[in-house]
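Have a look at my_file_1.cif; it's mmCIF, C-alpha atoms and all ligand atoms:
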data_protein
#
loop_
_atom_site.label_atom_id
_atom_site.label_comp_id
_atom_site.auth_asym_id
_atom_site.auth_seq_id
_atom_site.Cartn_x
_atom_site.Cartn_y
_atom_site.Cartn_z
CA MET A 211 -73.22 19.70 24.04
CA GLY A 212 -71.85 23.21 24.70
CA HIS A 213 -69.29 23.98 27.39
CA ALA A 214 -71.81 25.49 29.82
CA ALA A 215 -74.20 22.54 29.44
CA LEU A 216 -71.32 20.12 30.07
CA GLU A 217 -70.39 21.95 33.25
CA THR A 218 -73.99 21.92 34.43
CA LEU A 219 -74.23 18.17 33.82
CA GLN A 220 -70.92 17.54 35.58
CA GLY A 221 -72.15 19.57 38.58
CA PHE A 222 -75.33 17.52 38.65
CA LEU A 223 -73.35 14.23 38.63
CA VAL A 224 -71.17 15.40 41.53
CA GLY A 225 -74.28 16.32 43.54
CA LEU A 226 -75.91 13.01 42.61
CA ASP A 227 -72.87 11.12 43.92
CA ALA A 228 -73.03 13.05 47.20
CA ARG A 229 -76.75 12.25 47.60
CA MET A 230 -76.26 8.57 46.79
CA LYS A 231 -73.30 8.28 49.16
CA ARG A 232 -75.50 9.65 52.00
CA ALA A 233 -78.49 7.39 51.28
CA HIS A 234 -79.51 5.14 54.20
CA LYS A 235 -81.50 2.59 52.23
CA ARG A 236 -78.93 0.97 49.96
CA GLY A 237 -80.32 -2.53 49.22
CA ARG A 238 -78.52 -5.85 49.80
CA VAL A 239 -75.48 -7.17 47.95
CA ALA A 240 -75.99 -10.46 46.08
CA HIS A 241 -75.39 -13.34 48.48
CA TYR A 242 -75.80 -16.36 46.25
CA ILE A 243 -72.40 -15.74 44.61
CA PRO A 244 -69.94 -15.95 47.54
CA GLN A 245 -67.34 -13.53 46.09
CA LEU A 246 -69.97 -10.82 45.60
CA ALA A 247 -71.28 -11.11 49.16
CA SER A 248 -68.22 -9.32 50.57
CA VAL A 249 -68.40 -6.18 48.37
CA ASP A 250 -68.80 -2.90 50.33
CA VAL A 251 -72.38 -1.66 49.87
CA HIS A 252 -71.44 2.00 50.41
CA GLN A 253 -69.94 2.55 46.96
CA PHE A 254 -71.49 4.52 44.11
CA GLY A 255 -70.14 5.59 40.72
CA ILE A 256 -71.50 6.96 37.45
CA SER A 257 -70.05 7.70 34.04
CA VAL A 258 -71.77 9.25 31.00
CA CYS A 259 -70.42 9.10 27.41
CA LEU A 260 -72.00 11.70 25.15
CA ALA A 261 -72.54 11.64 21.38
CA SER A 262 -70.12 14.57 21.10
CA GLY A 263 -67.31 12.36 22.44
CA GLU A 264 -67.00 13.78 25.98
CA ARG A 265 -67.17 11.57 29.05
CA LEU A 266 -68.30 12.88 32.45
CA SER A 267 -67.93 10.87 35.67
CA ALA A 268 -68.47 11.12 39.41
CA GLY A 269 -67.98 9.00 42.53
CA ASP A 270 -66.35 5.57 42.31
CA ALA A 271 -66.40 5.58 38.50
CA ALA A 272 -62.90 4.10 38.29
CA THR A 273 -63.52 1.24 40.76
CA PRO A 274 -63.83 -2.17 39.04
CA PHE A 275 -66.89 -4.36 39.66
CA SER A 276 -68.31 -7.61 38.34
CA ILE A 277 -70.56 -6.83 35.37
CA GLN A 278 -72.51 -10.12 35.72
CA SER A 279 -75.66 -10.03 33.58
CA ILE A 280 -74.64 -6.89 31.74
CA SER A 281 -72.37 -9.29 29.82
CA LYS A 282 -75.55 -10.75 28.28
CA VAL A 283 -75.83 -7.62 26.12
CA PHE A 284 -72.42 -8.29 24.56
CA SER A 285 -72.98 -12.03 24.02
CA LEU A 286 -76.35 -11.18 22.44
CA ALA A 287 -74.68 -8.67 20.11
CA ILE A 288 -72.28 -11.36 18.87
CA ALA A 289 -74.94 -14.10 18.60
CA LEU A 290 -77.35 -11.78 16.77
CA GLY A 291 -74.62 -10.54 14.45
CA ARG A 292 -73.73 -14.16 13.67
CA HIS A 293 -77.14 -15.84 13.37
CA GLY A 294 -79.49 -12.91 12.66
CA ASP A 295 -83.20 -13.69 13.05
CA ARG A 296 -82.50 -17.45 13.25
CA LEU A 297 -81.57 -16.81 16.90
CA TRP A 298 -85.24 -16.14 17.69
CA LYS A 299 -86.14 -19.76 16.93
CA ARG A 300 -84.24 -20.71 20.10
CA VAL A 301 -85.03 -17.77 22.40
CA GLY A 302 -88.01 -15.40 22.60
CA LYS A 303 -88.35 -11.61 22.59
CA GLU A 304 -91.00 -11.26 25.27
CA PRO A 305 -90.75 -9.85 28.79
CA SER A 306 -91.06 -12.23 31.71
CA ASN A 307 -92.79 -11.76 35.01
CA TYR A 308 -90.77 -14.47 36.74
CA THR A 309 -87.44 -13.95 38.51
CA PHE A 310 -84.26 -13.95 36.43
CA ASN A 311 -83.38 -17.57 37.23
CA SER A 312 -86.89 -19.03 37.16
CA VAL A 313 -87.19 -22.72 36.29
CA ILE A 314 -90.98 -22.92 36.10
CA GLU A 315 -91.37 -20.62 33.10
CA LEU A 316 -88.89 -22.64 31.06
CA GLU A 317 -90.80 -25.87 31.60
CA GLN A 318 -94.16 -24.24 30.89
CA GLU A 319 -92.83 -22.96 27.57
CA GLY A 320 -91.24 -26.17 26.35
CA GLY A 321 -87.61 -25.13 26.79
CA LYS A 322 -87.70 -21.88 24.79
CA PRO A 323 -86.62 -19.08 27.17
CA ARG A 324 -88.68 -15.89 27.19
CA ASN A 325 -85.83 -13.56 26.24
CA PRO A 326 -82.00 -13.43 26.07
CA PHE A 327 -81.67 -11.68 29.45
CA VAL A 328 -83.30 -14.18 31.80
CA ASN A 329 -80.63 -16.71 32.74
CA ALA A 330 -82.06 -19.53 30.60
CA GLY A 331 -82.08 -17.22 27.58
CA ALA A 332 -78.54 -16.08 28.25
CA LEU A 333 -77.35 -19.69 28.40
CA VAL A 334 -78.88 -20.30 24.96
CA THR A 335 -77.38 -17.05 23.64
CA THR A 336 -73.89 -17.97 24.86
CA ASP A 337 -74.32 -21.44 23.31
CA ALA A 338 -75.32 -19.74 20.02
CA MET A 339 -72.42 -17.27 20.27
CA LEU A 340 -70.03 -20.22 20.32
CA ASP A 341 -71.91 -22.21 17.69
CA ALA A 342 -69.91 -21.45 14.54
CA PRO A 343 -66.89 -23.05 12.87
CA ASP A 344 -64.75 -19.95 13.43
CA ALA A 345 -66.00 -19.18 16.96
CA GLY A 346 -63.06 -20.71 18.82
CA CYS A 347 -63.77 -22.55 22.05
CA GLY A 348 -63.79 -19.88 24.70
CA LEU A 349 -64.41 -16.22 25.33
CA ASP A 350 -61.74 -14.73 23.07
CA GLU A 351 -64.28 -13.24 20.68
CA LEU A 352 -66.40 -11.80 23.50
CA MET A 353 -63.37 -10.25 25.18
CA ASP A 354 -62.24 -8.77 21.85
CA PHE A 355 -65.70 -7.32 21.33
CA VAL A 356 -65.88 -5.78 24.82
CA ARG A 357 -62.33 -4.39 24.65
CA THR A 358 -62.92 -2.91 21.19
CA ALA A 359 -66.28 -1.44 22.21
CA ALA A 360 -64.72 0.13 25.31
CA GLY A 361 -61.47 1.09 23.55
CA ASP A 362 -59.58 -0.47 26.45
CA ASP A 363 -57.42 -3.61 26.23
CA ARG A 364 -57.04 -3.94 29.99
CA ILE A 365 -60.55 -5.34 30.58
CA SER A 366 -60.29 -8.84 32.01
CA ILE A 367 -62.11 -11.67 33.78
CA ASP A 368 -61.96 -12.07 37.57
CA GLU A 369 -61.25 -15.81 37.72
CA GLN A 370 -61.99 -15.96 41.47
CA VAL A 371 -65.50 -14.59 40.93
CA ALA A 372 -66.02 -17.06 38.06
CA ALA A 373 -64.85 -20.03 40.16
CA SER A 374 -66.94 -18.89 43.12
CA GLU A 375 -70.09 -18.69 40.99
CA TYR A 376 -69.38 -22.00 39.21
CA ARG A 377 -69.08 -23.85 42.53
CA THR A 378 -72.54 -22.71 43.59
CA ALA A 379 -74.31 -22.44 40.20
CA TYR A 380 -76.90 -25.09 41.08
CA ARG A 381 -79.83 -23.12 39.67
CA ASN A 382 -78.07 -22.33 36.40
CA PHE A 383 -77.07 -26.00 36.09
CA SER A 384 -80.70 -27.03 36.46
CA LEU A 385 -81.71 -24.56 33.71
CA ALA A 386 -78.92 -25.83 31.47
CA TYR A 387 -79.84 -29.51 31.95
CA PHE A 388 -83.47 -28.74 31.23
CA LEU A 389 -82.56 -26.80 28.08
CA ARG A 390 -80.33 -29.65 26.95
CA SER A 391 -83.10 -32.17 27.52
CA CYS A 392 -85.27 -30.06 25.18
CA GLY A 393 -82.54 -30.01 22.51
CA ASN A 394 -82.01 -26.25 22.94
CA LEU A 395 -78.35 -26.42 24.03
CA HIS A 396 -75.67 -27.85 21.80
CA MET A 397 -72.74 -27.72 24.19
CA GLU A 398 -72.22 -29.95 27.23
CA CYS A 399 -73.71 -28.26 30.31
CA GLU A 400 -70.48 -28.28 32.37
CA ARG A 401 -68.49 -26.62 29.59
CA LEU A 402 -71.21 -24.07 28.88
CA LEU A 403 -71.55 -23.17 32.57
CA GLN A 404 -67.80 -22.69 32.89
CA ILE A 405 -67.88 -20.26 29.98
CA TYR A 406 -71.06 -18.53 31.20
CA CYS A 407 -69.65 -17.97 34.71
CA ARG A 408 -66.44 -16.52 33.22
CA GLN A 409 -68.50 -14.25 30.95
CA CYS A 410 -70.43 -12.95 33.96
CA ALA A 411 -67.14 -12.39 35.85
CA ILE A 412 -65.85 -9.80 33.38
CA THR A 413 -64.68 -6.90 35.51
CA MET A 414 -65.11 -3.29 34.42
CA ASN A 415 -65.48 0.13 35.95
CA CYS A 416 -68.18 2.67 35.08
CA GLU A 417 -65.89 4.57 32.69
CA GLN A 418 -65.09 1.42 30.70
CA LEU A 419 -68.68 0.20 30.72
CA ALA A 420 -70.14 3.53 29.54
CA SER A 421 -67.61 3.51 26.69
CA ALA A 422 -68.49 -0.09 25.82
CA GLY A 423 -72.18 0.85 25.46
CA ARG A 424 -71.59 3.45 22.75
CA PHE A 425 -72.36 0.97 19.95
CA LEU A 426 -75.91 0.72 21.32
CA ALA A 427 -76.36 4.49 21.49
CA GLY A 428 -75.87 4.74 17.74
CA PHE A 429 -72.69 6.82 17.89
CA ASP A 430 -70.88 6.79 14.52
CA SER A 431 -67.57 5.93 16.15
CA ALA A 432 -68.94 2.53 17.29
CA ALA A 433 -71.11 1.64 14.28
CA HIS A 434 -68.69 -1.01 12.94
CA LEU A 435 -69.46 -3.37 15.86
CA LEU A 436 -73.07 -4.16 15.00
CA ASN A 437 -75.47 -3.04 12.32
CA PRO A 438 -77.79 -0.23 13.49
CA ALA A 439 -80.99 -2.25 13.09
CA GLN A 440 -79.63 -4.99 15.36
CA ALA A 441 -78.44 -2.40 17.89
CA ARG A 442 -81.97 -0.97 17.94
CA SER A 443 -83.40 -4.46 18.53
CA ILE A 444 -81.10 -4.95 21.52
CA ASN A 445 -82.24 -1.60 22.96
CA ALA A 446 -85.87 -2.70 22.60
CA LEU A 447 -85.13 -5.92 24.49
CA MET A 448 -83.23 -4.02 27.18
CA LEU A 449 -86.26 -1.80 27.73
CA LEU A 450 -88.63 -4.79 27.89
CA ALA A 451 -86.49 -7.24 29.83
CA GLY A 452 -83.21 -5.64 30.95
CA HIS A 453 -84.36 -5.41 34.56
CA TYR A 454 -86.09 -8.78 34.76
CA ASP A 455 -89.50 -8.65 36.41
CA GLY A 456 -88.69 -5.05 37.47
CA SER A 457 -88.41 -3.91 33.82
CA GLY A 458 -91.79 -2.18 33.72
CA ASP A 459 -90.94 -0.12 36.78
CA PHE A 460 -87.56 0.85 35.29
CA ALA A 461 -89.11 1.84 31.93
CA TYR A 462 -91.79 3.85 33.74
CA SER A 463 -89.46 5.75 36.04
CA VAL A 464 -86.30 6.08 33.90
CA GLY A 465 -87.64 6.02 30.33
CA PHE A 466 -84.72 4.57 28.40
CA PRO A 467 -83.23 1.08 27.92
CA GLY A 468 -80.97 -0.44 30.56
CA LYS A 469 -79.42 -3.76 31.52
CA SER A 470 -78.62 -4.55 35.13
CA GLY A 471 -76.31 -7.10 36.74
CA VAL A 472 -76.31 -8.57 40.24
CA GLY A 473 -72.89 -6.99 40.80
CA GLY A 474 -74.87 -3.72 41.09
CA GLY A 475 -74.02 -2.27 37.69
CA ILE A 476 -76.46 -0.91 35.10
CA LEU A 477 -75.64 -0.05 31.50
CA ALA A 478 -78.21 2.42 30.17
CA VAL A 479 -78.61 3.82 26.68
CA VAL A 480 -80.21 7.05 25.48
CA PRO A 481 -80.18 6.48 21.71
CA GLY A 482 -78.45 9.32 19.90
CA HIS A 483 -77.49 11.04 23.16
CA ALA A 484 -75.63 9.02 25.75
CA SER A 485 -74.27 5.71 27.00
CA ILE A 486 -74.36 5.61 30.80
CA ALA A 487 -72.90 3.23 33.37
CA VAL A 488 -73.88 3.42 37.01
CA TRP A 489 -72.82 1.16 39.86
CA SER A 490 -73.86 0.67 43.44
CA PRO A 491 -73.71 -2.91 44.79
CA GLY A 492 -76.89 -2.97 46.94
CA LEU A 493 -79.81 -4.60 45.11
CA ASN A 494 -83.58 -4.17 45.28
CA ALA A 495 -86.05 -7.06 45.50
CA PHE A 496 -85.81 -7.72 41.73
CA GLY A 497 -82.00 -8.09 41.85
CA ASN A 498 -81.33 -4.65 40.30
CA SER A 499 -79.11 -1.94 41.80
CA LEU A 500 -81.31 0.09 44.15
CA LEU A 501 -79.32 3.33 44.09
CA GLY A 502 -78.27 2.82 40.47
CA THR A 503 -81.91 2.81 39.44
CA ARG A 504 -82.65 5.85 41.60
CA ALA A 505 -79.67 7.72 40.14
CA LEU A 506 -80.79 7.02 36.57
CA GLN A 507 -84.28 8.23 37.41
CA GLU A 508 -82.85 11.50 38.77
CA LEU A 509 -80.56 11.86 35.72
CA SER A 510 -83.49 11.29 33.39
CA GLU A 511 -85.58 13.92 35.21
CA PHE A 512 -82.70 16.40 35.19
CA THR A 513 -81.79 16.01 31.50
CA GLY A 514 -85.24 15.24 30.09
CA TRP A 515 -83.69 12.19 28.41
CA SER A 516 -86.34 9.62 27.55
CA VAL A 517 -87.25 7.58 24.51
CA PHE A 518 -90.88 8.62 24.95
N1 LIG B 601 -74.12 -14.67 36.98
C1 LIG B 601 -75.43 -14.35 37.49
C2 LIG B 601 -76.30 -15.58 37.40
O1 LIG B 601 -76.27 -16.23 36.40
C3 LIG B 601 -75.99 -13.22 36.71
C4 LIG B 601 -77.33 -12.75 37.20
C5 LIG B 601 -77.49 -11.25 37.11
O2 LIG B 601 -76.50 -10.52 37.05
O3 LIG B 601 -78.62 -10.78 37.12
O4 LIG B 601 -77.00 -15.91 38.31
#

Rendering of file as structure tokens:
Amino acid sequence: MGHAALETLQGFLVGLDARMKRAHKRGRVAHYIPQLASVDVHQFGISVCLASGERLSAGDAATPFSIQSISKVFSLAIALGRHGDRLWKRVGKEPSNYTFNSVIELEQEGGKPRNPFVNAGALVTTDAMLDAPDAGCGLDELMDFVRTAAGDDRISIDEQVAASEYRTAYRNFSLAYFLRSCGNLHMECERLLQIYCRQCAITMNCEQLASAGRFLAGFDSAAHLLNPAQARSINALMLLAGHYDGSGDFAYSVGFPGKSGVGGGILAVVPGHASIAVWSPGLNAFGNSLLGTRALQELSEFTGWSVF
């Protein structure tokens, strides 16, 4: 991108931040995880990493937040890299029209979750990520992956958020016990849930998260993390299921893949062009960042970025 185009994009991001900061309708912060319920809803940040290597940011792009379900993208990358297509025997590749932590769908489908991004599918993916002789017994490999992808060794886990979620993870426990009863979890549920809650409690800011998404955007500098065909598959799943039962609306209005988390973050990918992280803690009815989604829609309209 030339110098003038970069300046124009930076100006747009600054204006976008100002508009989002003024917005009255901001959504509701997640209440079912006690530590997230106290986050200030008035924050907004965005960061964009371009194929040319530049990074542009605006707003609270350096403020750390809980990435929550965005972590499912990284655990999927490791599990897919390790098991390849065998992973799809345990978890599907189809969108779901139930909420992200639905129990009913799992029972109807005999214990095979619809996709790796609904909670049941993420539990299976984390189980698969750890299911190898050299996998170690915790999140060391995942943390290495995220730190390498972001090029930042300071990324860490907020243990208070993890403990707070674990204490109230009744719904995820019920999914895990059901999966285990179907033979689709190898690890003990308590151990798996401890690891899953810590994975979701990885804390990053928009700048770090946008950098960490470069391996999905197909930038040469990040190609060693995952083979390009597998990165493309993850993008396809993000487009179909990255926003839960709001994925169709996101694909329609934004036009490129994204994965949201209940901490209010979204990692979005414009293959060949950009890796984008946006954060605003208020959520819409589907559990996706309300202003984050709106900001990505405006960015997509401004730049013409779309996979269609
Ligand atoms: N840790 C959250 C849960 O499992 C993640 C959900 C999300 O971010 O969408 O409920």

inquiry  = Using only C-alpha atoms, which protein or nucleic acid residues come within 10 Å of Phe383 of chain A? Drop anything in the same chain fewer than 3 positions from it, and give the result as a list of chain:residue names.
reply    = A:Ala330, A:Leu333, A:Tyr376, A:Thr378, A:Ala379, A:Tyr380, A:Ala386, A:Tyr387, A:Phe388, A:Leu389, A:Cys399, A:Glu400, A:Leu402, A:Leu403

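With all atoms listed in the file as the basis for measurement, A:Val472 is the residue among A:Ile412, A:Ala372, A:Val472, A:Leu436 that approaches ligand LIG 601 (chain B) most closely.
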
key: Test item: residues no farther than 8 Å from ligand LIG 601 (chain B), counting all atoms listed in the file, as a list in words   = Ile243, Ile277, Gln278, Ser279, Ile280, Phe310, Asn311, Val328, Asn329, Glu375, Ala379, Arg381, Asn382, Tyr406, Cys407, Cys410, Ala411, Ser470, Gly471, Val472, Gly473, Gly497 and Asn498 of chain A

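By chain and then residue number, the residues within 8 Å of segment 502-507 of chain A are Leu226, Met230, Phe254, Phe460, Ser463, Val464, Gly474, Gly475, Ile476, Val488, Trp489 and Ser490 of chain A, counting all atoms listed in the file and disregarding those fewer than 6 positions away in sequence.
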
message = Using all atoms listed in the file, list the residues that have an atom at most 9 Å from (-67.9, 5.6, 20.0), coordinates as in the file, as number ranges by chain.
response = A: 259-261, 263, 359-361, 421-425, 427-433

Could you please take those selected residues and save C-alpha atoms as a PDB file, keeping the file's coordinate frame?
ATOM      1  CA  CYS A 259     -70.420   9.100  27.410  1.00  0.00           C
ATOM      2  CA  LEU A 260     -72.000  11.700  25.150  1.00  0.00           C
ATOM      3  CA  ALA A 261     -72.540  11.640  21.380  1.00  0.00           C
ATOM      4  CA  GLY A 263     -67.310  12.360  22.440  1.00  0.00           C
ATOM      5  CA  ALA A 359     -66.280  -1.440  22.210  1.00  0.00           C
ATOM      6  CA  ALA A 360     -64.720   0.130  25.310  1.00  0.00           C
ATOM      7  CA  GLY A 361     -61.470   1.090  23.550  1.00  0.00           C
ATOM      8  CA  SER A 421     -67.610   3.510  26.690  1.00  0.00           C
ATOM      9  CA  ALA A 422     -68.490  -0.090  25.820  1.00  0.00           C
ATOM     10  CA  GLY A 423     -72.180   0.850  25.460  1.00  0.00           C
ATOM     11  CA  ARG A 424     -71.590   3.450  22.750  1.00  0.00           C
ATOM     12  CA  PHE A 425     -72.360   0.970  19.950  1.00  0.00           C
ATOM     13  CA  ALA A 427     -76.360   4.490  21.490  1.00  0.00           C
ATOM     14  CA  GLY A 428     -75.870   4.740  17.740  1.00  0.00           C
ATOM     15  CA  PHE A 429     -72.690   6.820  17.890  1.00  0.00           C
ATOM     16  CA  ASP A 430     -70.880   6.790  14.520  1.00  0.00           C
ATOM     17  CA  SER A 431     -67.570   5.930  16.150  1.00  0.00           C
ATOM     18  CA  ALA A 432     -68.940   2.530  17.290  1.00  0.00           C
ATOM     19  CA  ALA A 433     -71.110   1.640  14.280  1.00  0.00           C
TER      20      ALA A 433
END

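Among the candidates A:Lys231, A:Glu264, A:Arg238, A:Ala487, the one nearest to His213 of chain A when counting only C-alpha atoms is A:Glu264.
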
key: Ref. answer, residues at most 9 Å from (-63.8, -1.6, 32.4) with all atoms listed in the file, as a PyMOL selection string   = chain A and resi 272-275+356-357+360+362+364-366+412-422

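Relative to atom CA of Gly320 of chain A, atom CA of Ala342 of chain A is found at 24.8 Å.
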
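With all atoms listed in the file as the atoms that count, the residue of A:Gly269, A:Gly212, A:Gly302, A:Pro244 with the shortest distance to Gly225 of chain A is A:Gly269.
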
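The environment of Phe355 of chain A within 9 Å, counting all atoms listed in the file and disregarding residues fewer than 3 places along the same chain, consists of Phe284, Ile288, Asp350, Glu351, Leu352, Thr358, Ala359, Ala360, Ala422 and Leu435 of chain A.
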
request  = Quick one: pull the distance between atom CA of Asn325 of chain A and atom CA of Lys303 of chain A, Å, one decimal.
outcome  = 4.8 Å

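Shortest atom-to-atom contact with Glu317 of chain A among A:Met353, A:Val251, A:Ala289, A:Leu385: A:Leu385, counting all atoms listed in the file.
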
Counting all atoms listed in the file, the option among A:Pro326, A:Gly237, A:Pro305, A:Gly482 closest to Asp455 of chain A = A:Pro305

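For the set A:Asn494, A:Gln220, A:Asn445, A:Ser312, the residue with the smallest atom-to-atom gap to Pro481 of chain A is A:Asn445, counting only C-alpha atoms.
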
query = In Å to one decimal, how far is atom CA of Lys469 of chain A from atom CA of Asp250 of chain A?
reply = 21.6 Å

Would you mind listing what lies within 10 Å of Leu349 of chain A as a short mmCIF file (atom, residue, chain, number, x, y, z; two decimals) with C-alpha atoms, in the coordinates of the input, with only C-alpha atoms counted and same-chain residues fewer than 3 positions away left out?
data_model
loop_
_atom_site.label_atom_id
_atom_site.label_comp_id
_atom_site.auth_asym_id
_atom_site.auth_seq_id
_atom_site.Cartn_x
_atom_site.Cartn_y
_atom_site.Cartn_z
CA SER A 285 -72.98 -12.03 24.02
CA THR A 336 -73.89 -17.97 24.86
CA MET A 339 -72.42 -17.27 20.27
CA LEU A 340 -70.03 -20.22 20.32
CA ALA A 345 -66.00 -19.18 16.96
CA GLY A 346 -63.06 -20.71 18.82
CA LEU A 352 -66.40 -11.80 23.50
CA MET A 353 -63.37 -10.25 25.18
CA ASP A 354 -62.24 -8.77 21.85
CA PHE A 355 -65.70 -7.32 21.33
CA ILE A 367 -62.11 -11.67 33.78
CA ILE A 405 -67.88 -20.26 29.98
CA TYR A 406 -71.06 -18.53 31.20
CA ARG A 408 -66.44 -16.52 33.22
CA GLN A 409 -68.50 -14.25 30.95
#

As lines of an AutoDock Vina configuration file: centre and edge lengths in Å, one decimal, of the axis-aligned box holding segment 352-363 of chain A with 5 Å per side:
center_x = -61.9
center_y = -5.4
center_z = 23.8
size_x = 19.0
size_y = 22.9
size_z = 15.3
